[in-house]
$ cat start-v3.txt   # compact mmCIF, C-alpha atoms and all ligand atoms
# COMPACT_ATOMS: atom_id res chain seq x y z
CA THR M 1 -5.53 1.96 -21.49
CA LYS M 2 -2.64 4.14 -22.59
CA LEU M 3 0.74 3.00 -21.27
CA TRP M 4 3.39 5.70 -21.22
CA ASN M 5 6.65 3.83 -21.53
CA PRO M 6 9.53 4.30 -19.08
CA SER M 7 12.10 4.68 -21.85
CA THR M 8 10.28 7.72 -23.22
CA LEU M 9 9.27 9.03 -19.84
CA THR M 10 11.24 11.57 -17.88
CA ILE M 11 10.09 14.54 -15.88
CA GLU M 12 11.30 16.75 -18.71
CA ASN M 13 9.16 14.76 -21.10
CA GLU M 14 6.31 17.24 -20.78
CA PRO M 15 4.03 15.66 -23.42
CA SER M 16 3.44 12.46 -21.43
CA ILE M 17 2.84 14.29 -18.17
CA GLU M 18 0.71 16.90 -19.89
CA GLU M 19 -1.33 14.23 -21.68
CA ALA M 20 -1.96 12.42 -18.39
CA ALA M 21 -2.79 15.70 -16.63
CA GLN M 22 -5.26 16.58 -19.37
CA LEU M 23 -7.02 13.22 -18.91
CA LEU M 24 -7.25 13.96 -15.18
CA ARG M 25 -8.72 17.40 -15.88
CA ASP M 26 -11.22 15.61 -18.16
CA ARG M 27 -12.33 13.56 -15.12
CA GLN M 28 -10.61 10.35 -16.26
CA VAL M 29 -8.49 8.08 -14.02
CA VAL M 30 -4.76 7.62 -14.55
CA ALA M 31 -2.36 5.38 -12.60
CA PHE M 32 0.94 6.92 -11.51
CA PRO M 33 3.96 5.86 -9.46
CA THR M 34 4.55 7.08 -5.91
CA GLU M 35 7.44 6.17 -3.61
CA THR M 36 5.25 3.53 -1.90
CA VAL M 37 3.04 1.80 -4.50
CA TYR M 38 1.29 2.87 -7.73
CA GLY M 39 -1.79 5.03 -7.14
CA LEU M 40 -4.96 5.30 -9.21
CA GLY M 41 -5.55 9.04 -9.50
CA ALA M 42 -8.58 11.22 -10.18
CA ASP M 43 -9.55 14.83 -9.43
CA ALA M 44 -10.34 14.74 -5.69
CA THR M 45 -12.72 17.67 -5.98
CA ASN M 46 -14.92 16.02 -8.62
CA GLU M 47 -17.41 13.36 -7.61
CA GLU M 48 -17.84 11.90 -11.09
CA ALA M 49 -14.07 11.48 -11.51
CA VAL M 50 -13.74 9.87 -8.08
CA GLN M 51 -16.62 7.52 -8.84
CA ARG M 52 -14.55 6.14 -11.74
CA ILE M 53 -11.85 5.07 -9.27
CA PHE M 54 -14.33 3.02 -7.24
CA GLU M 55 -15.68 1.41 -10.42
CA ALA M 56 -12.28 0.59 -11.91
CA LYS M 57 -11.05 -1.01 -8.66
CA GLY M 58 -14.30 -2.63 -7.59
CA ARG M 59 -13.78 -0.84 -4.30
CA PRO M 60 -16.50 -0.75 -1.62
CA ALA M 61 -17.98 2.76 -1.42
CA ASP M 62 -17.51 2.99 2.37
CA ASN M 63 -13.71 2.84 2.11
CA PRO M 64 -12.33 6.42 1.86
CA LEU M 65 -9.48 7.45 -0.45
CA ILE M 66 -6.23 9.25 0.31
CA VAL M 67 -5.85 12.68 -1.29
CA HIS M 68 -2.43 13.53 -2.76
CA VAL M 69 -1.25 17.13 -2.79
CA ALA M 70 1.63 19.10 -4.28
CA ASP M 71 1.90 21.65 -1.45
CA VAL M 72 0.60 22.55 2.00
CA GLY M 73 -1.68 25.18 0.45
CA GLN M 74 -3.79 22.37 -1.05
CA VAL M 75 -4.09 20.82 2.43
CA GLU M 76 -5.47 24.08 3.76
CA GLU M 77 -7.98 24.23 0.89
CA LEU M 78 -9.44 20.86 1.88
CA THR M 79 -9.37 20.97 5.69
CA GLU M 80 -10.00 23.07 8.78
CA ASP M 81 -8.55 23.25 12.32
CA ILE M 82 -5.17 21.78 11.36
CA PRO M 83 -3.44 21.07 14.69
CA PRO M 84 0.14 22.37 15.21
CA VAL M 85 1.42 18.79 15.44
CA ALA M 86 0.18 18.16 11.89
CA TYR M 87 2.29 21.06 10.58
CA GLN M 88 5.29 19.64 12.45
CA LEU M 89 4.75 16.20 10.90
CA MET M 90 4.30 17.64 7.38
CA GLU M 91 7.48 19.66 7.83
CA THR M 92 9.44 16.58 8.92
CA PHE M 93 8.06 13.80 6.73
CA TRP M 94 6.68 15.39 3.55
CA PRO M 95 7.08 14.66 0.80
CA GLY M 96 6.93 11.07 2.05
CA PRO M 97 4.89 8.03 3.07
CA LEU M 98 2.83 9.62 5.86
CA THR M 99 -0.92 10.21 5.46
CA LEU M 100 -2.49 12.58 7.98
CA ILE M 101 -6.16 12.27 8.91
CA LEU M 102 -7.47 15.83 9.24
CA LYS M 103 -10.82 17.51 9.67
CA SER M 104 -12.47 17.97 6.26
CA ASN M 105 -14.00 21.35 5.31
CA GLY M 106 -16.22 19.70 2.71
CA GLN M 107 -14.21 20.79 -0.36
CA ALA M 108 -13.16 17.26 -1.27
CA ALA M 109 -15.78 15.33 -3.28
CA LYS M 110 -17.97 13.53 -0.78
CA ASN M 111 -17.24 10.04 -2.13
CA VAL M 112 -13.50 10.64 -1.41
CA THR M 113 -14.16 10.64 2.32
CA ALA M 114 -16.96 8.03 2.16
CA GLY M 115 -19.12 10.32 4.23
CA LEU M 116 -16.59 10.75 7.08
CA SER M 117 -15.94 14.19 8.61
CA THR M 118 -12.20 13.65 8.10
CA VAL M 119 -9.95 13.42 5.06
CA GLY M 120 -6.62 11.56 4.66
CA ILE M 121 -3.91 13.60 2.88
CA ARG M 122 -0.30 13.07 1.88
CA MET M 123 2.40 14.56 -0.35
CA PRO M 124 4.10 11.74 -2.28
CA ASP M 125 7.88 11.67 -2.61
CA HIS M 126 8.12 10.84 -6.31
CA PRO M 127 9.11 13.21 -9.12
CA LEU M 128 6.48 11.90 -11.56
CA ALA M 129 3.70 12.06 -8.97
CA LEU M 130 4.66 15.61 -8.02
CA ALA M 131 4.96 16.68 -11.67
CA LEU M 132 1.54 15.22 -12.42
CA LEU M 133 0.00 16.95 -9.40
CA LYS M 134 1.46 20.29 -10.48
CA GLN M 135 0.41 19.89 -14.12
CA SER M 136 -3.13 18.79 -13.35
CA GLY M 137 -3.52 21.64 -10.86
CA VAL M 138 -5.89 19.68 -8.63
CA PRO M 139 -5.44 17.44 -5.60
CA LEU M 140 -5.61 13.79 -6.66
CA ALA M 141 -7.56 11.12 -4.82
CA ALA M 142 -5.54 7.95 -5.26
CA PRO M 143 -5.92 4.54 -3.69
CA SER M 144 -3.44 1.81 -4.58
CA ALA M 145 -3.89 0.95 -8.28
CA ASN M 146 -4.90 -2.71 -7.84
CA ARG M 147 -8.24 -4.47 -8.19
CA SER M 148 -9.80 -4.44 -4.74
CA GLY M 149 -8.48 -7.35 -2.63
CA ARG M 150 -5.31 -7.92 -4.70
CA PRO M 151 -1.75 -7.10 -3.61
CA SER M 152 -0.86 -3.45 -4.20
CA PRO M 153 1.10 -2.70 -7.40
CA THR M 154 4.79 -1.90 -7.13
CA GLU M 155 5.37 -1.97 -10.90
CA ALA M 156 3.41 -0.59 -13.84
CA SER M 157 2.96 -4.16 -15.13
CA HIS M 158 1.00 -5.02 -11.95
CA VAL M 159 -1.39 -2.14 -12.66
CA TYR M 160 -1.69 -3.32 -16.27
CA GLN M 161 -2.53 -6.89 -15.13
CA ASP M 162 -5.31 -5.64 -12.86
CA LEU M 163 -6.75 -2.62 -14.67
CA ASN M 164 -5.99 -2.79 -18.40
CA GLY M 165 -9.09 -1.62 -20.26
CA ARG M 166 -10.66 -0.17 -17.11
CA ILE M 167 -8.64 3.07 -16.84
CA ALA M 168 -7.46 5.80 -19.20
CA GLY M 169 -3.71 5.45 -18.70
CA ILE M 170 -0.70 4.32 -16.71
CA LEU M 171 2.40 6.45 -16.15
CA ASP M 172 5.26 3.97 -15.84
CA GLY M 173 8.05 5.16 -13.55
CA GLY M 174 9.65 1.75 -12.95
CA PRO M 175 9.51 -0.18 -9.66
CA THR M 176 8.56 1.79 -6.52
CA GLY M 177 11.08 2.40 -3.75
CA VAL M 178 9.34 1.73 -0.42
CA GLY M 179 7.10 -1.15 -1.47
CA VAL M 180 4.43 -0.85 1.25
CA GLU M 181 1.87 1.94 1.52
CA SER M 182 2.02 5.10 3.58
CA THR M 183 1.47 5.16 7.33
CA VAL M 184 -2.03 6.45 8.11
CA LEU M 185 -1.91 8.67 11.21
CA ASP M 186 -4.91 10.19 12.96
CA VAL M 187 -3.84 13.50 14.52
CA SER M 188 -7.30 14.53 15.71
CA SER M 189 -6.81 13.25 19.28
CA SER M 190 -4.22 14.51 21.80
CA VAL M 191 -2.13 11.36 21.27
CA PRO M 192 -1.74 10.58 17.53
CA VAL M 193 -2.93 7.11 16.52
CA ILE M 194 -1.44 4.92 13.77
CA LEU M 195 -4.44 3.49 11.91
CA ARG M 196 -2.28 1.69 9.33
CA PRO M 197 1.46 1.00 9.78
CA GLY M 198 3.48 1.93 6.69
CA GLY M 199 6.61 3.49 5.27
CA ILE M 200 7.13 5.99 8.11
CA THR M 201 7.66 3.94 11.26
CA LYS M 202 6.32 4.48 14.77
CA GLU M 203 9.93 4.98 15.82
CA ASP M 204 10.31 7.76 13.18
CA ILE M 205 7.18 9.55 14.43
CA GLU M 206 8.31 9.27 18.06
CA LYS M 207 11.27 11.47 17.19
CA VAL M 208 8.83 14.31 16.46
CA VAL M 209 5.90 13.82 18.85
CA PRO M 210 6.14 12.84 22.54
CA GLU M 211 3.74 9.90 22.21
CA VAL M 212 2.13 7.90 19.42
CA VAL M 213 0.15 4.65 19.66
CA PHE M 214 -1.03 1.90 17.33
CA ASP M 215 -4.79 1.64 16.87
CA PRO M 216 -5.74 -1.27 19.20
CA ALA M 217 -7.87 -2.64 16.34
CA LEU M 218 -4.65 -3.49 14.43
CA LYS M 219 -4.08 -6.36 16.85
CA GLY M 220 -7.25 -7.98 15.56
CA GLY M 221 -9.91 -9.10 17.99
CA LYS M 222 -13.27 -7.42 18.35
CA ASP M 223 -12.38 -3.69 18.33
CA LYS M 224 -13.76 -2.17 15.16
CA PRO M 225 -10.90 -0.78 13.06
CA LYS M 226 -11.03 3.02 12.73
CA SER M 227 -9.51 3.00 9.27
CA PRO M 228 -12.47 1.71 7.27
CA GLY M 229 -10.30 -0.06 4.70
CA MET M 230 -8.65 -2.30 7.28
CA LYS M 231 -11.67 -4.57 7.61
CA TYR M 232 -11.68 -5.87 4.02
CA THR M 233 -9.74 -8.80 2.57
CA HIS M 234 -6.53 -7.40 1.20
CA TYR M 235 -3.34 -8.29 -0.59
CA ALA M 236 -4.57 -11.80 -1.44
CA PRO M 237 -2.32 -13.90 -3.72
CA GLU M 238 -3.96 -16.32 -6.19
CA SER M 239 -3.31 -19.34 -3.98
CA PRO M 240 -3.97 -19.43 -0.21
CA LEU M 241 -1.16 -18.00 1.91
CA TRP M 242 -0.19 -19.67 5.17
CA LEU M 243 1.92 -17.61 7.54
CA VAL M 244 4.44 -19.55 9.63
CA TYR M 245 5.45 -18.39 13.13
CA GLY M 246 8.40 -20.30 14.49
CA ASP M 247 12.08 -21.03 13.97
CA ASP M 248 13.68 -22.24 10.73
CA GLU M 249 13.45 -25.90 11.78
CA TYR M 250 9.72 -25.55 12.33
CA PHE M 251 9.31 -23.95 8.88
CA LYS M 252 11.21 -26.79 7.17
CA GLN M 253 9.15 -29.36 9.05
CA GLN M 254 5.87 -27.76 7.93
CA LEU M 255 7.12 -27.52 4.35
CA ASN M 256 8.19 -31.18 4.28
CA GLN M 257 4.86 -32.33 5.68
CA LEU M 258 2.99 -30.54 2.92
CA ILE M 259 5.30 -31.88 0.22
CA GLU M 260 4.88 -35.42 1.57
CA LYS M 261 1.11 -34.99 1.33
CA GLY M 262 1.57 -34.24 -2.37
CA GLU M 263 0.71 -30.53 -2.15
CA ARG M 264 2.33 -28.18 -4.65
CA VAL M 265 3.90 -25.64 -2.33
CA GLY M 266 5.40 -22.22 -3.05
CA VAL M 267 7.62 -20.54 -0.47
CA ILE M 268 8.20 -16.85 0.26
CA ALA M 269 11.20 -16.45 2.53
CA SER M 270 14.18 -14.35 3.53
CA LYS M 271 17.51 -15.17 1.95
CA GLU M 272 18.61 -16.59 5.30
CA LEU M 273 15.83 -19.20 5.29
CA ALA M 274 15.78 -19.70 1.50
CA GLY M 275 19.47 -20.61 1.64
CA GLN M 276 18.66 -23.58 3.85
CA LEU M 277 15.98 -25.04 1.59
CA GLN M 278 16.75 -27.56 -1.15
CA PHE M 279 13.65 -26.55 -3.03
CA ASP M 280 12.99 -24.81 -6.31
CA ARG M 281 9.72 -22.98 -5.77
CA VAL M 282 11.11 -20.32 -3.45
CA ILE M 283 10.83 -16.57 -3.82
CA GLU M 284 13.62 -14.97 -1.89
CA CYS M 285 12.73 -11.45 -0.84
CA GLY M 286 15.75 -9.99 0.92
CA SER M 287 17.38 -10.22 4.32
CA ARG M 288 15.38 -10.71 7.52
CA GLU M 289 17.91 -8.34 9.08
CA ARG M 290 16.76 -5.55 6.75
CA LEU M 291 13.01 -5.55 6.50
CA GLU M 292 13.14 -2.50 4.19
CA GLU M 293 14.34 -5.00 1.54
CA ILE M 294 11.47 -7.38 2.32
CA ALA M 295 8.99 -4.47 2.12
CA VAL M 296 10.21 -3.53 -1.38
CA LYS M 297 9.75 -7.07 -2.74
CA LEU M 298 6.72 -8.21 -0.75
CA TYR M 299 3.86 -7.36 -3.11
CA SER M 300 5.57 -8.62 -6.25
CA ALA M 301 6.31 -11.88 -4.38
CA LEU M 302 2.61 -12.17 -3.49
CA ARG M 303 1.72 -11.75 -7.18
CA GLU M 304 4.28 -14.23 -8.47
CA PHE M 305 2.83 -17.65 -7.66
CA LYS M 306 -0.05 -18.52 -9.98
CA LYS M 307 -3.03 -20.66 -9.02
CA SER M 308 -2.09 -23.10 -11.75
CA ASP M 309 1.37 -23.66 -10.22
CA VAL M 310 0.89 -23.95 -6.46
CA ASP M 311 -1.85 -25.16 -4.10
CA VAL M 312 -0.54 -23.31 -1.07
CA ILE M 313 2.04 -20.61 -0.33
CA LEU M 314 4.06 -20.91 2.87
CA CYS M 315 5.46 -17.58 4.03
CA GLU M 316 8.00 -16.81 6.71
CA SER M 317 7.02 -14.28 9.41
CA PHE M 318 9.27 -11.44 10.51
CA HIS M 319 9.80 -9.18 13.52
CA SER M 320 7.49 -6.20 13.75
CA HIS M 321 9.83 -3.35 14.65
CA GLY M 322 10.30 -0.42 12.29
CA VAL M 323 8.90 -1.15 8.83
CA GLY M 324 8.36 -4.74 10.07
CA ALA M 325 5.07 -3.49 11.57
CA ALA M 326 3.82 -2.72 8.05
CA VAL M 327 5.21 -5.94 6.54
CA MET M 328 3.59 -8.12 9.22
CA ASN M 329 0.31 -6.18 9.07
CA ARG M 330 0.09 -6.90 5.31
CA LEU M 331 1.08 -10.56 5.68
CA GLU M 332 -1.45 -11.13 8.44
CA LYS M 333 -4.14 -9.66 6.22
CA ALA M 334 -3.01 -11.67 3.19
CA ALA M 335 -2.91 -14.96 5.11
CA VAL M 336 -5.88 -17.29 5.34
CA ARG M 337 -4.17 -19.44 7.95
CA THR M 338 -1.33 -19.22 10.47
CA LEU M 339 0.90 -22.09 11.63
CA LYS M 340 2.37 -21.49 15.09
CA GLN M 341 5.17 -23.40 16.73
CA GLN M 342 4.11 -24.59 20.21
O1 LIG U 1 0.99 4.79 0.03
C1 LIG U 1 -0.23 4.97 -0.05
O2 LIG U 1 -0.90 5.43 0.88
C2 LIG U 1 -0.91 4.63 -1.39
C3 LIG U 1 -0.32 5.54 -2.46
C4 LIG U 1 -1.02 5.38 -3.78
O3 LIG U 1 -0.34 6.87 -2.01
N1 LIG U 1 -2.33 4.76 -1.29
C5 LIG U 1 -3.10 3.87 -0.59
O4 LIG U 1 -4.45 4.12 -0.65
O5 LIG U 1 -2.64 2.95 0.03
P1 LIG U 1 -5.54 3.01 -0.25
O6 LIG U 1 -6.84 3.59 -0.69
O7 LIG U 1 -5.18 1.71 -0.83
O8 LIG U 1 -5.53 3.00 1.30
C6 LIG U 1 -6.04 4.10 2.03
C7 LIG U 1 -6.22 3.73 3.48
C8 LIG U 1 -7.42 2.84 3.69
O9 LIG U 1 -7.11 1.87 4.68
C9 LIG U 1 -8.47 3.84 4.16
O10 LIG U 1 -9.49 3.23 4.91
C10 LIG U 1 -7.64 4.82 4.96
O11 LIG U 1 -6.43 4.94 4.23
N2 LIG U 1 -8.28 6.15 5.04
C11 LIG U 1 -8.46 7.04 4.04
N3 LIG U 1 -9.14 8.13 4.49
C12 LIG U 1 -9.38 7.92 5.80
C13 LIG U 1 -10.05 8.67 6.83
N4 LIG U 1 -10.61 9.84 6.59
N5 LIG U 1 -10.09 8.13 8.08
C14 LIG U 1 -9.52 6.93 8.33
N6 LIG U 1 -8.90 6.18 7.41
C15 LIG U 1 -8.82 6.65 6.17
MG MG U 2 -5.00 -0.33 -1.12
$ encode --input "start-v3.txt" --output "structure tokens"
Amino acid sequence: TKLWNPSTLTIENEPSIEEAAQLLRDRQVVAFPTETVYGLGADATNEEAVQRIFEAKGRPADNPLIVHVADVGQVEELTEDIPPVAYQLMETFWPGPLTLILKSNGQAAKNVTAGLSTVGIRMPDHPLALALLKQSGVPLAAPSANRSGRPSPTEASHVYQDLNGRIAGILDGGPTGVGVESTVLDVSSSVPVILRPGGITKEDIEKVVPEVVFDPALKGGKDKPKSPGMKYTHYAPESPLWLVYGDDEYFKQQLNQLIEKGERVGVIASKELAGQLQFDRVIECGSRERLEEIAVKLYSALREFKKSDVDVILCESFHSHGVGAAVMNRLEKAAVRTLKQQ
């Protein structure tokens, strides 16, 4: 796996981008930074190239990929019957962390859409991603660049840990800015439906469309999730994660009980809670008043505790307004157990 180093890598540094683009044109897979998380890219119009993504990640074949584009023209080449509201959303939020589910015209490789009649598309807001898209000249299918089931990568080193030797190269653009993935929005029905909460919030979308709803399946329960990927185990740290719902006193009580039992505990908490703990295995991931900070640090926190160091990870829960919806969605999926204050 070729690692293009950040110190040598700028948008003007054509050789690195051109080298990566050439690999993509040769149907290889290359990881690249976006504003959300690192993506694992391949030519979205070539089935053999796309197949390499599934193999490198160990991703189930029924989980469709998001296609990344450099301009709206590429959207029109891959889809049909684009509703007016989709154009409005592209105009407002692109480039940015919003994936639109549109009707496919069959031009994307069929393994990209996992046999669905729709295709998810977004324009990433990252200079390296956009430069790579332009240089390669093709739309790029790109899931998050982690092994299937692991936390998504927010740094090139995370991609390297998971995929070294399995992919042709990694473009290192430093840590990503948003930290959680794009919002996946289905605009095929009269009221748009959020299939996966992400970097663009429900509140943001409501400024543009009169009504938008969360997919009821996000609440859990027996509704089948419409976004195929939502049903798989995701974002799992090495040690089991327990998510704690309750006040700070309740959290401290649960922590102390585990310590008394002799468990090696790791804690992921806001700076407000971390400041109250006399405890050394704490990863502080920003203020609970600003969940954008928590979002940025979440996945690297989930990767930090190693199996050899902790038996269980206790994690604080947060409110689910704004980007909190995405943070809590990921934590609920990462957790194997929840502790709830009565
Ligand atoms: O921010 C992101 O979206 C990142 C960066 C790399 O762009 N990509 C990403 O891709 O998160 P991935 O493959 O890890 O997640 C794609 C999600 C999955 O939950 C998948 O099921 C859903 O989007 N999806 C893709 N195409 C779909 C479709 N046609 N209908 C419904 N859901 C779809
Ligand atoms: Mg993913």
$ residues_near_point --input "start-v3.txt" --point "(-4.7, -2.8, -10.8)" --cutoff "6 Å" --atoms "all atoms listed in the file" --output "list of chain:residue names"
M:Ala145, M:Asn146, M:Arg147, M:Val159, M:Asp162, M:Leu163
$ atom_distance --input "start-v3.txt" --atom1 "CA of Ala335 in chain M" --atom2 "CA of Ala236 in chain M"
7.5 Å
$ residues_near_ligand --input "start-v3.txt" --ligand "ligand MG 2 (chain U)" --cutoff "10 Å" --atoms "all atoms listed in the file" --output "list in words"
Val37, Tyr38, Gly39, Leu40, Lys57, Arg59, Asn63, Leu65, Ile66, Ala142, Pro143, Ser144, Ala145, Asn146, Arg147, Ser148, Gly149, Arg150, Pro151, Ser152, Pro153, Val180, Glu181, Gly229, Met230, His234 and Tyr235 of chain M
$ closest_residue --input "start-v3.txt" --among "M:Arg122, M:Gly275, M:Phe93, M:Ile170" --to "Gln28 in chain M" --atoms "only C-alpha atoms"
M:Ile170
$ closest_residue --input "start-v3.txt" --among "M:Leu241, M:Val67, M:Lys306, M:Val187" --to "Asp81 in chain M" --atoms "all atoms listed in the file"
M:Val187
$ atom_distance --input "start-v3.txt" --atom1 "CA of Arg264 in chain M" --atom2 "CA of Leu302 in chain M"
16.1 Å
$ axis_aligned_box --input "start-v3.txt" --around "ligand LIG 1 (chain U)" --padding-each-side "3 Å" --output "lines of an AutoDock Vina configuration file"
center_x = -4.8
center_y = 5.8
center_z = 2.3
size_x = 17.6
size_y = 14.1
size_z = 18.1
$ residues_around --input "start-v3.txt" --residues "Val336 in chain M" --least-positions-apart "5" --cutoff "10 Å" --atoms "only C-alpha atoms" --output "PyMOL selection string"
chain M and resi 233+236+239-243+331
$ write_last_selection --input "start-v3.txt" --atoms "C-alpha atoms" --output "PDB file, in the coordinates of the input"
ATOM      1  CA  THR M 233      -9.740  -8.800   2.570  1.00  0.00           C
ATOM      2  CA  ALA M 236      -4.570 -11.800  -1.440  1.00  0.00           C
ATOM      3  CA  SER M 239      -3.310 -19.340  -3.980  1.00  0.00           C
ATOM      4  CA  PRO M 240      -3.970 -19.430  -0.210  1.00  0.00           C
ATOM      5  CA  LEU M 241      -1.160 -18.000   1.910  1.00  0.00           C
ATOM      6  CA  TRP M 242      -0.190 -19.670   5.170  1.00  0.00           C
ATOM      7  CA  LEU M 243       1.920 -17.610   7.540  1.00  0.00           C
ATOM      8  CA  LEU M 331       1.080 -10.560   5.680  1.00  0.00           C
TER       9      LEU M 331
END
$ closest_residue --input "start-v3.txt" --among "M:Gly73, M:Pro127, M:Pro197, M:Pro210" --to "ligand LIG 1 (chain U)" --atoms "only C-alpha atoms and all ligand atoms"
M:Pro197
$ residues_around --input "start-v3.txt" --residues "range 190-194 of chain M" --least-positions-apart "2" --cutoff "8 Å" --atoms "all atoms listed in the file" --output "ChimeraX atom specification"
/M:183-188,196-197,202,211-215
$ atom_distance --input "start-v3.txt" --atom1 "atom N6 of ligand LIG 1 (chain U)" --atom2 "CA of Gly115 in chain M"
11.5 Å
$ closest_residue --input "start-v3.txt" --among "M:Asp26, M:Asp62, M:Glu289, M:Glu249" --to "ligand LIG 1 (chain U)" --atoms "only C-alpha atoms and all ligand atoms"
M:Asp62
$ closest_residue --input "start-v3.txt" --among "M:Val29, M:Ala61, M:Val85, M:Val119" --to "ligand LIG 1 (chain U)" --atoms "all atoms listed in the file"
M:Val119
$ closest_residue --input "start-v3.txt" --among "M:Thr1, M:Ser157, M:Thr34, M:Asn46" --to "Met123 in chain M" --atoms "only C-alpha atoms"
M:Thr34
$ residues_around --input "start-v3.txt" --residues "Lys297 in chain M" --least-positions-apart "6" --cutoff "12 Å" --atoms "all atoms listed in the file" --output "ChimeraX atom specification"
/M:36-37,151-155,175-180,268-270,283-287,290-291,303-304,327
$ residues_around --input "start-v3.txt" --residues "Val244 in chain M" --least-positions-apart "5" --cutoff "7 Å" --atoms "only C-alpha atoms" --output "number ranges by chain"
M: 251, 314-317, 338-340
